[in-house]
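**Q** Structure supplied as model_29.csv; contents: CSV, C-alpha atoms and all ligand atoms.
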chain,number,residue,atom,x,y,z
E,1,MET,CA,111.9,-38.2,-50.1
E,2,PHE,CA,113.9,-41.1,-51.5
E,3,PRO,CA,116.5,-39.1,-53.6
E,4,ARG,CA,117.1,-36.9,-50.6
E,5,PHE,CA,117.7,-40.1,-48.4
E,6,ILE,CA,120.2,-41.5,-51.0
E,7,GLN,CA,122.0,-38.2,-51.0
E,8,VAL,CA,122.3,-38.3,-47.2
E,9,VAL,CA,123.6,-41.8,-47.2
E,10,GLN,CA,126.2,-40.9,-49.8
E,11,HIS,CA,127.3,-38.0,-47.7
E,12,LEU,CA,127.7,-40.3,-44.7
E,13,LYS,CA,129.8,-42.8,-46.8
E,14,ASN,CA,132.1,-40.0,-47.9
E,15,LEU,CA,132.5,-38.8,-44.4
E,16,GLU,CA,133.3,-42.3,-43.1
E,17,ARG,CA,135.9,-42.8,-45.9
E,18,SER,CA,137.6,-39.5,-45.2
E,19,ILE,CA,137.8,-40.1,-41.5
E,20,LEU,CA,139.2,-43.6,-41.9
E,21,LEU,CA,141.8,-42.4,-44.4
E,22,SER,CA,142.9,-39.6,-42.2
E,23,LEU,CA,143.2,-41.9,-39.1
E,24,PHE,CA,144.8,-45.0,-40.6
E,25,GLY,CA,146.0,-44.0,-44.1
E,26,HIS,CA,145.8,-46.3,-47.1
E,27,PRO,CA,146.0,-50.0,-46.6
E,28,PRO,CA,149.6,-51.4,-46.8
E,29,LYS,CA,151.0,-52.1,-50.3
E,30,GLU,CA,151.6,-55.8,-49.4
E,31,LEU,CA,147.9,-56.5,-49.6
E,32,ALA,CA,147.5,-55.0,-53.0
E,33,LEU,CA,147.1,-57.2,-56.1
E,34,ALA,CA,150.2,-57.7,-58.2
E,35,VAL,CA,149.4,-56.9,-61.8
E,36,SER,CA,151.9,-56.6,-64.6
E,37,VAL,CA,150.9,-53.7,-66.8
E,38,ASN,CA,152.6,-52.3,-69.8
E,39,GLN,CA,153.9,-49.1,-68.5
E,40,GLN,CA,152.7,-46.3,-70.8
E,41,PRO,CA,153.1,-42.6,-70.3
E,42,LYS,CA,150.0,-41.3,-68.5
E,43,PRO,CA,148.3,-38.3,-70.1
E,44,THR,CA,148.4,-35.5,-67.5
E,45,PRO,CA,144.8,-34.8,-66.5
E,46,LYS,CA,143.6,-31.3,-67.0
E,47,ALA,CA,142.3,-29.6,-63.9
E,48,PHE,CA,138.5,-29.3,-64.0
E,49,SER,CA,137.1,-25.8,-64.0
E,50,ILE,CA,133.4,-24.8,-64.0
E,51,HIS,CA,134.2,-22.2,-66.7
E,52,ASP,CA,134.8,-25.0,-69.2
E,53,LEU,CA,131.2,-26.1,-68.6
E,54,ILE,CA,129.3,-22.8,-68.7
E,55,GLY,CA,131.6,-20.5,-70.7
E,56,ASP,CA,130.1,-17.0,-70.8
E,57,GLY,CA,126.7,-18.0,-69.3
E,58,PHE,CA,125.7,-18.1,-65.7
E,59,LEU,CA,124.0,-20.7,-63.4
E,60,LEU,CA,120.5,-20.3,-61.8
E,61,ALA,CA,119.4,-21.7,-58.5
E,62,VAL,CA,117.2,-24.6,-59.4
E,63,PRO,CA,115.3,-27.1,-57.3
E,64,LYS,CA,117.4,-30.2,-56.5
E,65,PHE,CA,114.6,-32.5,-55.5
E,66,ARG,CA,110.9,-33.0,-56.3
E,67,ARG,CA,108.4,-31.5,-53.8
E,68,THR,CA,105.5,-33.8,-53.0
E,69,VAL,CA,101.9,-33.1,-53.9
E,70,GLU,CA,100.9,-32.6,-50.3
E,71,LYS,CA,103.6,-30.1,-49.7
E,72,ARG,CA,102.7,-28.2,-52.9
E,73,LEU,CA,99.0,-28.1,-52.0
E,74,ASN,CA,99.8,-26.9,-48.4
E,75,ARG,CA,101.9,-24.1,-49.8
E,76,LYS,CA,99.2,-23.1,-52.2
E,77,PHE,CA,96.1,-23.2,-50.0
E,78,GLY,CA,97.4,-23.1,-46.4
E,79,TRP,CA,95.8,-25.2,-43.7
E,80,PRO,CA,92.2,-24.4,-42.5
E,81,GLU,CA,93.0,-24.5,-38.8
E,82,TYR,CA,96.1,-22.2,-39.1
E,83,VAL,CA,96.3,-20.0,-42.2
E,84,TRP,CA,93.6,-20.7,-44.8
E,85,LYS,CA,94.6,-18.7,-47.9
E,86,PRO,CA,91.5,-18.8,-50.2
E,87,PHE,CA,89.0,-16.1,-49.6
E,88,VAL,CA,86.1,-17.1,-47.4
E,89,PRO,CA,82.8,-15.1,-47.5
E,90,LYS,CA,81.9,-13.4,-44.2
E,91,THR,CA,78.5,-14.3,-42.9
E,92,ASN,CA,78.3,-12.0,-39.9
E,93,LEU,CA,77.9,-8.7,-41.6
E,94,LYS,CA,74.9,-6.5,-40.9
E,95,THR,CA,73.6,-3.2,-42.1
E,96,CYS,CA,73.6,-0.3,-39.7
E,97,HIS,CA,70.1,0.9,-38.9
E,98,GLU,CA,71.2,4.4,-38.6
E,99,CYS,CA,73.5,5.1,-41.6
E,100,GLY,CA,73.3,2.0,-43.8
E,101,HIS,CA,77.0,1.1,-43.7
E,102,HIS,CA,78.0,-2.5,-43.1
E,103,HIS,CA,79.4,-3.7,-39.8
E,104,GLU,CA,80.2,-6.9,-38.0
E,105,GLN,CA,77.5,-8.5,-36.0
E,106,GLY,CA,77.8,-7.7,-32.3
E,107,ARG,CA,80.1,-4.7,-32.9
E,108,LEU,CA,79.5,-1.0,-33.4
E,109,CYS,CA,79.1,0.5,-36.8
E,110,GLY,CA,82.4,2.0,-37.9
E,111,ASN,CA,80.9,5.0,-39.6
E,112,CYS,CA,78.6,5.9,-36.7
E,113,TYR,CA,81.4,5.2,-34.1
E,114,LYS,CA,83.8,7.5,-35.9
E,115,LYS,CA,81.3,10.4,-35.7
E,116,ILE,CA,80.3,9.8,-32.1
E,117,GLY,CA,83.9,9.3,-31.0
E,118,LYS,CA,84.8,12.7,-32.5
E,119,GLU,CA,81.9,14.4,-30.8
E,120,THR,CA,82.6,12.6,-27.5
E,121,LYS,CA,86.2,13.9,-27.5
E,122,GLU,CA,85.1,17.4,-28.1
E,123,ILE,CA,82.6,17.3,-25.2
E,124,GLN,CA,85.2,15.7,-23.0
E,125,GLY,CA,87.6,18.6,-23.7
E,126,GLU,CA,84.9,21.1,-23.0
E,127,ILE,CA,83.9,19.5,-19.7
E,128,LEU,CA,87.5,19.3,-18.6
E,129,LYS,CA,87.9,23.0,-19.4
E,130,LYS,CA,84.8,23.9,-17.4
E,131,LEU,CA,85.4,21.8,-14.3
E,132,GLY,CA,89.1,22.6,-14.0
E,133,SER,CA,91.1,20.9,-11.3
E,134,GLY,CA,88.9,21.5,-8.3
E,135,PRO,CA,86.8,18.8,-6.6
E,136,ILE,CA,84.0,17.6,-8.9
E,137,GLU,CA,80.8,17.7,-7.0
E,138,GLN,CA,78.1,18.3,-9.7
E,139,ASP,CA,76.7,16.2,-12.5
E,140,VAL,CA,77.1,17.7,-16.0
E,141,ILE,CA,74.5,18.5,-18.6
E,142,VAL,CA,75.6,19.3,-22.2
E,143,LEU,CA,73.7,21.9,-24.1
E,144,TYR,CA,74.3,22.9,-27.7
E,145,GLU,CA,73.8,26.3,-29.2
E,146,GLY,CA,70.2,27.4,-29.4
E,147,GLU,CA,69.0,24.7,-27.0
E,148,THR,CA,67.0,25.3,-23.8
E,149,LEU,CA,66.7,23.0,-20.8
E,150,PRO,CA,64.1,20.3,-21.3
E,151,ASP,CA,60.9,20.8,-19.2
E,152,GLN,CA,61.6,19.2,-15.8
E,153,GLN,CA,60.9,20.1,-12.2
E,154,LYS,CA,63.3,22.5,-10.6
E,155,GLU,CA,64.7,19.9,-8.2
E,156,PHE,CA,66.0,18.0,-11.2
E,157,TRP,CA,68.3,20.8,-12.3
E,158,LYS,CA,69.4,21.5,-8.8
E,159,GLY,CA,73.1,20.8,-8.3
E,160,LYS,CA,73.9,20.2,-12.0
E,161,ARG,CA,76.6,21.9,-14.0
E,162,ILE,CA,75.7,23.0,-17.5
E,163,VAL,CA,78.3,22.7,-20.2
E,164,GLU,CA,77.6,24.7,-23.4
E,165,MET,CA,79.0,23.6,-26.7
E,166,LYS,CA,79.7,26.5,-29.0
E,167,LYS,CA,78.0,24.9,-32.0
E,168,GLU,CA,74.6,23.5,-33.0
E,169,ARG,CA,73.7,19.9,-32.1
E,170,PRO,CA,75.2,17.7,-34.8
E,171,GLN,CA,72.4,16.4,-37.0
E,172,TRP,CA,74.0,13.6,-38.8
E,173,PHE,CA,70.9,12.4,-40.7
E,174,SER,CA,68.6,15.2,-41.5
E,175,LYS,CA,64.9,14.3,-41.6
E,176,ASN,CA,64.2,16.3,-44.6
E,177,LEU,CA,66.6,16.7,-47.5
E,178,LEU,CA,65.6,20.4,-47.9
E,179,GLN,CA,66.4,21.0,-44.2
E,180,LYS,CA,69.6,22.8,-43.4
E,181,SER,CA,72.3,20.4,-42.1
E,182,THR,CA,74.6,21.4,-39.2
E,183,GLN,CA,77.5,19.4,-40.7
E,184,GLN,CA,80.0,21.4,-42.6
E,185,PRO,CA,80.1,20.5,-46.3
E,186,SER,CA,83.2,18.7,-47.3
E,187,LYS,CA,86.1,20.7,-48.7
E,188,SER,CA,88.3,17.8,-49.9
E,189,THR,CA,88.9,17.4,-53.5
E,190,ASP,CA,89.5,13.7,-53.4
E,191,VAL,CA,87.9,11.4,-55.9
E,192,LYS,CA,86.1,9.6,-53.1
E,193,PRO,CA,85.1,12.2,-50.6
E,194,THR,CA,84.6,11.2,-46.9
E,195,ASP,CA,82.7,12.9,-44.1
E,196,LEU,CA,80.0,14.2,-46.3
E,197,ALA,CA,77.0,15.9,-44.7
N,198,MET,CA,75.8,-21.8,11.6
N,199,ASN,CA,77.8,-19.2,13.3
N,200,GLN,CA,78.7,-17.5,10.1
N,201,ALA,CA,77.8,-14.2,8.5
N,202,GLU,CA,75.9,-14.3,5.2
N,203,VAL,CA,78.3,-13.8,2.4
N,204,SER,CA,75.9,-11.6,0.5
N,205,LYS,CA,76.0,-9.1,3.3
N,206,LEU,CA,79.8,-8.9,3.3
N,207,VAL,CA,80.4,-8.3,-0.3
N,208,SER,CA,78.1,-6.7,-2.8
N,209,LYS,CA,77.3,-8.8,-5.9
N,210,LEU,CA,78.5,-7.4,-9.2
N,211,ARG,CA,75.9,-7.0,-11.9
N,212,MET,CA,78.1,-8.3,-14.6
N,213,ASN,CA,79.5,-11.7,-15.8
N,214,ILE,CA,82.9,-12.5,-14.4
N,215,LYS,CA,85.2,-14.9,-16.1
N,216,PRO,CA,86.3,-17.9,-13.9
N,217,GLU,CA,89.9,-17.0,-14.6
N,218,HIS,CA,91.5,-13.5,-14.7
N,219,ARG,CA,92.7,-12.1,-17.9
N,220,ARG,CA,96.4,-11.8,-18.4
N,221,LEU,CA,97.9,-8.3,-18.7
N,222,LYS,CA,101.5,-8.6,-19.6
N,223,ASN,CA,103.8,-6.4,-17.5
N,224,LEU,CA,107.4,-6.1,-16.7
N,225,LYS,CA,106.8,-5.4,-13.1
N,226,GLY,CA,104.5,-8.4,-12.6
N,227,PRO,CA,101.4,-8.2,-10.4
N,228,GLU,CA,102.4,-4.8,-9.1
N,229,GLY,CA,102.6,-3.4,-12.6
N,230,ARG,CA,99.2,-5.0,-13.4
N,231,ILE,CA,97.5,-3.3,-10.5
N,232,ASP,CA,99.1,0.0,-11.5
N,233,LYS,CA,97.7,-0.4,-15.0
N,234,LEU,CA,94.3,-1.1,-13.7
N,235,ARG,CA,94.4,1.8,-11.4
N,236,LYS,CA,95.1,4.1,-14.3
N,237,THR,CA,92.3,2.6,-16.2
N,238,VAL,CA,89.7,2.9,-13.4
N,239,THR,CA,90.8,6.6,-12.9
N,240,GLY,CA,90.4,7.3,-16.6
N,241,LEU,CA,87.0,5.7,-16.7
N,242,ILE,CA,85.7,7.7,-13.7
N,243,LYS,CA,87.2,10.9,-15.2
N,244,PHE,CA,86.2,10.6,-18.8
N,245,GLU,CA,83.1,8.3,-18.5
N,246,ARG,CA,83.8,6.8,-21.9
N,247,ILE,CA,87.2,5.3,-23.0
N,248,GLU,CA,88.4,2.9,-25.7
N,249,LEU,CA,90.7,0.0,-24.6
N,250,ASN,CA,91.9,-3.4,-25.5
N,251,ILE,CA,89.4,-6.0,-24.3
N,252,ASN,CA,91.7,-7.6,-21.7
N,253,ARG,CA,92.5,-4.4,-19.9
N,254,GLY,CA,88.9,-3.1,-20.2
N,255,ASP,CA,87.2,-6.2,-18.8
N,256,GLU,CA,89.6,-6.4,-15.8
N,257,ALA,CA,89.3,-2.7,-15.0
N,258,ARG,CA,85.5,-2.8,-15.3
N,259,GLN,CA,85.2,-5.3,-12.5
N,260,TYR,CA,87.2,-3.0,-10.1
N,261,ALA,CA,85.2,0.0,-11.2
N,262,GLU,CA,81.9,-1.8,-10.6
N,263,ARG,CA,83.1,-2.9,-7.2
N,264,LEU,CA,84.3,0.5,-6.2
N,265,ILE,CA,81.0,2.2,-7.1
N,266,SER,CA,78.9,-0.5,-5.4
N,267,GLU,CA,80.9,-0.2,-2.2
N,268,ALA,CA,80.6,3.6,-2.3
N,269,ILE,CA,76.8,3.3,-2.7
N,270,ARG,CA,76.6,0.7,0.1
N,271,HIS,CA,78.7,2.3,2.8
N,272,GLY,CA,78.8,6.0,1.9
N,273,ASP,CA,81.7,8.4,2.4
N,274,CYS,CA,82.0,8.0,6.2
N,275,HIS,CA,83.2,4.4,6.0
N,276,LYS,CA,87.0,4.2,6.5
N,277,PRO,CA,87.7,1.1,4.4
N,278,THR,CA,85.6,2.4,1.5
N,279,MET,CA,87.4,5.7,1.6
N,280,ASP,CA,90.8,4.0,1.6
N,281,MET,CA,89.7,1.9,-1.3
N,282,ALA,CA,88.6,5.0,-3.2
N,283,ASN,CA,91.9,6.7,-2.3
N,284,PHE,CA,93.8,3.7,-3.7
N,285,TRP,CA,92.0,3.3,-6.9
N,286,LEU,CA,91.5,6.9,-7.9
N,287,LEU,CA,94.9,8.5,-8.7
N,288,GLU,CA,93.4,12.0,-9.0
N,289,LYS,CA,91.9,13.0,-5.7
N,290,GLN,CA,89.3,15.3,-7.2
N,291,LEU,CA,87.7,12.1,-8.5
N,292,VAL,CA,87.0,10.9,-5.0
N,293,HIS,CA,84.6,13.8,-4.6
N,294,LYS,CA,83.1,12.8,-8.0
N,295,LEU,CA,82.6,9.2,-6.9
N,296,PHE,CA,80.7,10.1,-3.7
N,297,LYS,CA,78.8,13.2,-4.8
N,298,VAL,CA,78.0,12.5,-8.5
N,299,LEU,CA,78.1,8.8,-9.1
N,300,VAL,CA,76.5,7.6,-5.9
N,301,PRO,CA,73.4,9.8,-6.4
N,302,ARG,CA,73.3,8.8,-10.1
N,303,PHE,CA,73.4,5.0,-9.5
N,304,GLU,CA,71.6,4.8,-6.1
N,305,ASN,CA,68.4,3.4,-7.5
N,306,SER,CA,69.7,1.6,-10.6
N,307,THR,CA,69.0,-2.1,-11.0
N,308,VAL,CA,71.5,-2.8,-13.7
N,309,SER,CA,75.3,-2.6,-13.9
N,310,TYR,CA,77.0,0.8,-13.5
N,311,THR,CA,79.2,0.4,-16.5
N,312,LYS,CA,78.7,-0.7,-20.1
N,313,MET,CA,81.2,-2.6,-22.3
N,314,ILE,CA,80.6,-2.5,-26.1
N,315,LYS,CA,82.7,-4.0,-28.8
N,316,ALA,CA,84.3,-1.3,-31.0
N,317,PRO,CA,84.6,-1.8,-34.7
N,318,LYS,CA,87.6,-3.8,-35.9
N,319,ALA,CA,90.0,-2.2,-38.3
N,320,GLN,CA,89.9,-3.8,-41.7
N,321,ASN,CA,92.1,-6.9,-42.4
N,322,THR,CA,93.3,-7.2,-38.8
N,323,GLU,CA,93.2,-10.3,-36.8
N,324,HIS,CA,94.4,-9.6,-33.3
N,325,THR,CA,93.2,-6.2,-32.2
N,326,ASN,CA,90.0,-6.6,-30.2
N,327,LYS,CA,89.0,-3.1,-28.9
N,328,ILE,CA,86.1,-2.2,-26.7
N,329,VAL,CA,84.4,0.9,-25.5
N,330,LEU,CA,84.0,1.1,-21.7
N,331,GLU,CA,81.6,3.7,-20.4
N,332,LEU,CA,79.6,4.7,-17.3
N,333,ARG,CA,75.9,4.7,-17.7
N,334,GLY,CA,74.1,8.0,-17.7
N,335,ASN,CA,77.0,9.9,-19.3
N,336,PRO,CA,76.4,13.2,-21.2
N,337,TYR,CA,77.7,12.0,-24.6
N,338,PRO,CA,75.7,10.9,-27.6
N,339,ASP,CA,74.5,7.3,-27.4
N,340,LEU,CA,76.5,4.6,-29.0
N,341,ILE,CA,73.6,2.3,-29.5
N,342,VAL,CA,70.4,3.9,-30.8
N,343,LYS,CA,67.3,2.1,-29.6
N,344,GLN,CA,64.8,3.5,-32.1
N,345,PRO,CA,66.7,3.5,-35.4
N,346,ASN,CA,65.6,6.0,-38.0
N,347,ASN,CA,66.0,4.2,-41.3
N,348,ARG,CA,63.0,5.5,-43.1
N,349,LEU,CA,65.2,8.0,-45.0
N,350,TRP,CA,67.5,5.4,-46.6
N,351,ILE,CA,67.3,5.7,-50.3
N,352,GLN,CA,66.1,2.0,-50.7
N,353,ASN,CA,63.3,2.6,-48.1
N,354,VAL,CA,62.2,5.7,-49.9
N,355,LEU,CA,62.1,3.9,-53.2
N,356,LEU,CA,60.2,0.9,-51.6
N,357,ASP,CA,57.7,3.3,-50.1
N,358,ALA,CA,57.1,4.9,-53.5
N,359,ALA,CA,56.7,1.4,-55.0
N,360,LYS,CA,54.2,0.4,-52.3
N,361,TYR,CA,52.2,3.5,-52.9
N,362,ASP,CA,52.2,2.9,-56.6
N,363,TYR,CA,51.0,-0.7,-56.1
N,364,ARG,CA,48.2,0.3,-53.8
N,365,GLN,CA,47.0,3.0,-56.1
N,366,SER,CA,46.9,0.5,-59.0
N,367,LYS,CA,45.0,-2.0,-56.9
N,368,ILE,CA,42.5,0.5,-55.7
N,369,SER,CA,41.8,1.7,-59.3
N,370,GLU,CA,41.4,-2.0,-60.3
N,371,ILE,CA,38.9,-2.6,-57.6
N,372,ALA,CA,37.0,0.6,-58.4
N,373,ALA,CA,36.7,-0.5,-62.0
N,374,ASN,CA,35.5,-4.0,-61.0
N,375,ILE,CA,32.7,-2.8,-58.7
N,376,GLY,CA,30.1,-2.6,-61.4
N,377,LYS,CA,31.0,-5.9,-63.0
N,378,ASP,CA,30.9,-7.7,-59.7
N,379,THR,CA,27.3,-6.8,-59.1
N,380,GLN,CA,26.2,-7.9,-62.6
N,381,LEU,CA,28.0,-11.2,-62.2
N,382,SER,CA,26.5,-11.9,-58.8
N,383,SER,CA,22.9,-11.0,-60.0
N,384,SER,CA,23.2,-13.3,-63.0
N,385,SER,CA,24.5,-16.2,-60.9
N,386,LEU,CA,21.6,-15.6,-58.4
N,387,THR,CA,19.1,-15.9,-61.2
N,388,ALA,CA,20.7,-19.1,-62.5
N,389,ASN,CA,20.6,-20.6,-59.0
N,390,ASN,CA,16.9,-19.6,-58.7
N,391,LYS,CA,16.1,-21.3,-62.0
N,392,GLY,CA,17.9,-24.5,-60.9
N,393,GLY,CA,15.9,-24.5,-57.7
N,394,THR,CA,12.6,-24.1,-59.5
N,395,GLN,CA,13.5,-27.0,-61.8
N,396,LYS,CA,14.2,-29.3,-58.9
N,397,GLU,CA,11.0,-28.4,-57.2
N,398,GLU,CA,9.1,-29.1,-60.5
N,399,SER,CA,10.6,-32.6,-60.9
Z,401,ZN,ZN,76.1,3.4,-38.8
Do you think you could lay out the structure here as structure tokens?
Ligand SMILES: [Zn+2]

**A**
Amino acid sequence: MFPRFIQVVQHLKNLERSILLSLFGHPPKELALAVSVNQQPKPTPKAFSIHDLIGDGFLLAVPKFRRTVEKRLNRKFGWPEYVWKPFVPKTNLKTCHECGHHHEQGRLCGNCYKKIGKETKEIQGEILKKLGSGPIEQDVIVLYEGETLPDQQKEFWKGKRIVEMKKERPQWFSKNLLQKSTQQPSKSTDVKPTDLA
Amino acid sequence: MNQAEVSKLVSKLRMNIKPEHRRLKNLKGPEGRIDKLRKTVTGLIKFERIELNINRGDEARQYAERLISEAIRHGDCHKPTMDMANFWLLEKQLVHKLFKVLVPRFENSTVSYTKMIKAPKAQNTEHTNKIVLELRGNPYPDLIVKQPNNRLWIQNVLLDAAKYDYRQSKISEIAANIGKDTQLSSSSLTANNKGGTQKEES
């Protein structure tokens, strides 16, 4: 802080000097001291050049002033209320009861949501195709391949539109490991495969 | 009081409403905001499940709830309700859906007509807060499963096997100790009897 202040003061002094000199010029010679000096030939001063100093080398940008400890720590760690740079462990993670992946508390599981979202989009497309652009007057029931209507009274099914999906009901987590899964096996050759059955 | 009851004028929404409305930035101002919300309500009624930013979703949800509750309350022969449906549903085929599909579906329901669930956050993001807005009773697979099936997790299978092992070992231990137990108890009984007799003698 202090060296920076001294530098600013020096700049101001220089500025004042240059302004005064340009406005009023030098003080009159009558006010100067009369000194008798043995006149000797002055050596002509050599013009200063930065190349005399560095020669073939080059200059790097370097800090002019010292940074305070507080500033250095703030740059290193941030500030807890704004940007806190060190890693902080999350305490709101939970395990999904369906698939076992981790997800934030109070939010959907990412893995399950990805699958359900994909299926939802497919069904939406199928329903839109079926209903067309006419007035929608019937509720929709989605049936997968090989499925029959659940046992209900006939009035329940009255006035309902059945939308058939041309595939088996996705069984994301098969009950028996020997049972056939309806998910297609992955074809990707990545090291870490995704979307496995 | 010569005043009508408020509850009879406006149907109460079955959801929490923030004291102040959420801000939806729009170049056109309030008009653009309403346009945005109209599109969202139309989409919700059409697709029954959509993903949105939380501000837009929460605002549109209130209008959708109000629209459905008015439709249930007044039916399709009520002029103001019909106008409202006409205004909020940009695709006119959905007006039919509102009165002929959604009204019978929600007639006897005691909970809200829509559901708002927080969607998973993308990793290492701070500001995106997405939600899934859906109508209840939709034909899609459930987002929240009430009876989770986690018996098949590998850790649960291993734990079950470990429990089974532990029980088996305990049972065999007990079976081996049955004979010894009877011997011990009989010997202690005899010892007690001896003590008793001694006391009686003294
Ligand atoms: Zn999951």

**Q** Please, which residues in chain N fall within 10 Å of chain E when counting only C-alpha atoms, and what is the closest atom pair and distance in Å to one decimal for each, ordered by chain then residue number, as JSON lines?

**A**
{"residue": "N:Lys243", "atom": "CA", "partner": "E:Leu128", "partner_atom": "CA", "distance": 9.1}
{"residue": "N:Phe244", "atom": "CA", "partner": "E:Gln124", "partner_atom": "CA", "distance": 6.7}
{"residue": "N:Glu245", "atom": "CA", "partner": "E:Gln124", "partner_atom": "CA", "distance": 8.9}
{"residue": "N:Arg246", "atom": "CA", "partner": "E:Thr120", "partner_atom": "CA", "distance": 8.2}
{"residue": "N:Ile247", "atom": "CA", "partner": "E:Gly117", "partner_atom": "CA", "distance": 9.5}
{"residue": "N:Glu248", "atom": "CA", "partner": "E:Gly117", "partner_atom": "CA", "distance": 9.4}
{"residue": "N:Glu288", "atom": "CA", "partner": "E:Ser133", "partner_atom": "CA", "distance": 9.5}
{"residue": "N:Lys289", "atom": "CA", "partner": "E:Pro135", "partner_atom": "CA", "distance": 7.8}
{"residue": "N:Gln290", "atom": "CA", "partner": "E:Pro135", "partner_atom": "CA", "distance": 4.3}
{"residue": "N:Leu291", "atom": "CA", "partner": "E:Ile136", "partner_atom": "CA", "distance": 6.6}
{"residue": "N:Val292", "atom": "CA", "partner": "E:Pro135", "partner_atom": "CA", "distance": 8.1}
{"residue": "N:His293", "atom": "CA", "partner": "E:Ile136", "partner_atom": "CA", "distance": 5.8}
{"residue": "N:Lys294", "atom": "CA", "partner": "E:Ile136", "partner_atom": "CA", "distance": 5.0}
{"residue": "N:Leu295", "atom": "CA", "partner": "E:Glu137", "partner_atom": "CA", "distance": 8.7}
{"residue": "N:Phe296", "atom": "CA", "partner": "E:Glu137", "partner_atom": "CA", "distance": 8.3}
{"residue": "N:Lys297", "atom": "CA", "partner": "E:Glu137", "partner_atom": "CA", "distance": 5.4}
{"residue": "N:Val298", "atom": "CA", "partner": "E:Asp139", "partner_atom": "CA", "distance": 5.6}
{"residue": "N:Leu299", "atom": "CA", "partner": "E:Asp139", "partner_atom": "CA", "distance": 8.3}
{"residue": "N:Pro301", "atom": "CA", "partner": "E:Asp139", "partner_atom": "CA", "distance": 9.4}
{"residue": "N:Arg302", "atom": "CA", "partner": "E:Asp139", "partner_atom": "CA", "distance": 8.5}
{"residue": "N:Ile314", "atom": "CA", "partner": "E:Arg107", "partner_atom": "CA", "distance": 7.2}
{"residue": "N:Lys315", "atom": "CA", "partner": "E:Arg107", "partner_atom": "CA", "distance": 4.9}
{"residue": "N:Ala316", "atom": "CA", "partner": "E:Leu108", "partner_atom": "CA", "distance": 5.4}
{"residue": "N:Pro317", "atom": "CA", "partner": "E:Leu108", "partner_atom": "CA", "distance": 5.3}
{"residue": "N:Lys318", "atom": "CA", "partner": "E:Gly110", "partner_atom": "CA", "distance": 8.0}
{"residue": "N:Ala319", "atom": "CA", "partner": "E:Gly110", "partner_atom": "CA", "distance": 8.7}
{"residue": "N:Lys327", "atom": "CA", "partner": "E:Arg107", "partner_atom": "CA", "distance": 9.9}
{"residue": "N:Ile328", "atom": "CA", "partner": "E:Arg107", "partner_atom": "CA", "distance": 9.0}
{"residue": "N:Val329", "atom": "CA", "partner": "E:Leu108", "partner_atom": "CA", "distance": 9.5}
{"residue": "N:Asn335", "atom": "CA", "partner": "E:Val140", "partner_atom": "CA", "distance": 8.5}
{"residue": "N:Pro336", "atom": "CA", "partner": "E:Ile141", "partner_atom": "CA", "distance": 6.2}
{"residue": "N:Tyr337", "atom": "CA", "partner": "E:Thr120", "partner_atom": "CA", "distance": 5.7}
{"residue": "N:Pro338", "atom": "CA", "partner": "E:Ile116", "partner_atom": "CA", "distance": 6.5}
{"residue": "N:Asp339", "atom": "CA", "partner": "E:Ile116", "partner_atom": "CA", "distance": 7.9}
{"residue": "N:Leu340", "atom": "CA", "partner": "E:Tyr113", "partner_atom": "CA", "distance": 7.1}
{"residue": "N:Ile341", "atom": "CA", "partner": "E:Leu108", "partner_atom": "CA", "distance": 7.8}
{"residue": "N:Val342", "atom": "CA", "partner": "E:Glu98", "partner_atom": "CA", "distance": 7.9}
{"residue": "N:Lys343", "atom": "CA", "partner": "E:His97", "partner_atom": "CA", "distance": 9.8}
{"residue": "N:Gln344", "atom": "CA", "partner": "E:His97", "partner_atom": "CA", "distance": 9.0}
{"residue": "N:Pro345", "atom": "CA", "partner": "E:His97", "partner_atom": "CA", "distance": 5.5}
{"residue": "N:Asn346", "atom": "CA", "partner": "E:Glu98", "partner_atom": "CA", "distance": 5.9}
{"residue": "N:Asn347", "atom": "CA", "partner": "E:His97", "partner_atom": "CA", "distance": 5.8}
{"residue": "N:Arg348", "atom": "CA", "partner": "E:Lys175", "partner_atom": "CA", "distance": 9.1}
{"residue": "N:Leu349", "atom": "CA", "partner": "E:Lys175", "partner_atom": "CA", "distance": 7.2}
{"residue": "N:Trp350", "atom": "CA", "partner": "E:Gly100", "partner_atom": "CA", "distance": 7.3}
{"residue": "N:Ile351", "atom": "CA", "partner": "E:Gly100", "partner_atom": "CA", "distance": 9.6}
{"residue": "N:Gln352", "atom": "CA", "partner": "E:Gly100", "partner_atom": "CA", "distance": 10.0}

**Q** Env of N:Asn213: 10 Å cut, atoms = only C-alpha atoms, seq-sep filter 3 positions within chain, self excluded. Answer as an MDAnalysis selection string.

**A** chainID N and resid 210 216 255 259

**Q** Quick one: distance from atom CA of E:Lys76 to atom CA of E:Phe5 in Å, one decimal?

**A**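 If I compute the distance from atom CA of E:Lys76 to atom CA of E:Phe5, I get 25.4 Å.
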
**Q** Give the answer as one residue: which of N:Thr311, N:Asn283, N:Asn326, N:Asn305 has the shortest atom-to-atom distance to N:Ile269, using only C-alpha atoms?

**A**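 Of N:Thr311, N:Asn283, N:Asn326, N:Asn305, the one nearest N:Ile269, counting only C-alpha atoms, is N:Asn305.
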
**Q** Kindly give the distance, in Å, that separates atom CA of E:Leu21 and atom CA of E:Gln7, rounded to a single decimal.

**A** 21.3 Å

**Q** Using all atoms listed in the file, find the one residue out of E:Lys94, E:Pro63, E:Leu15, E:Asp56 that sits nearest to ligand ZN 401 (chain Z).

**A**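 So, comparing all the options, the nearest one is E:Lys94.
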
**Q** May I ask for the distance between atom CA of N:Ser369 and atom CA of N:Leu355, given in Å to one decimal place?

**A**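 Spanning atom CA of N:Ser369 to atom CA of N:Leu355 is a straight-line distance of 21.3 Å.
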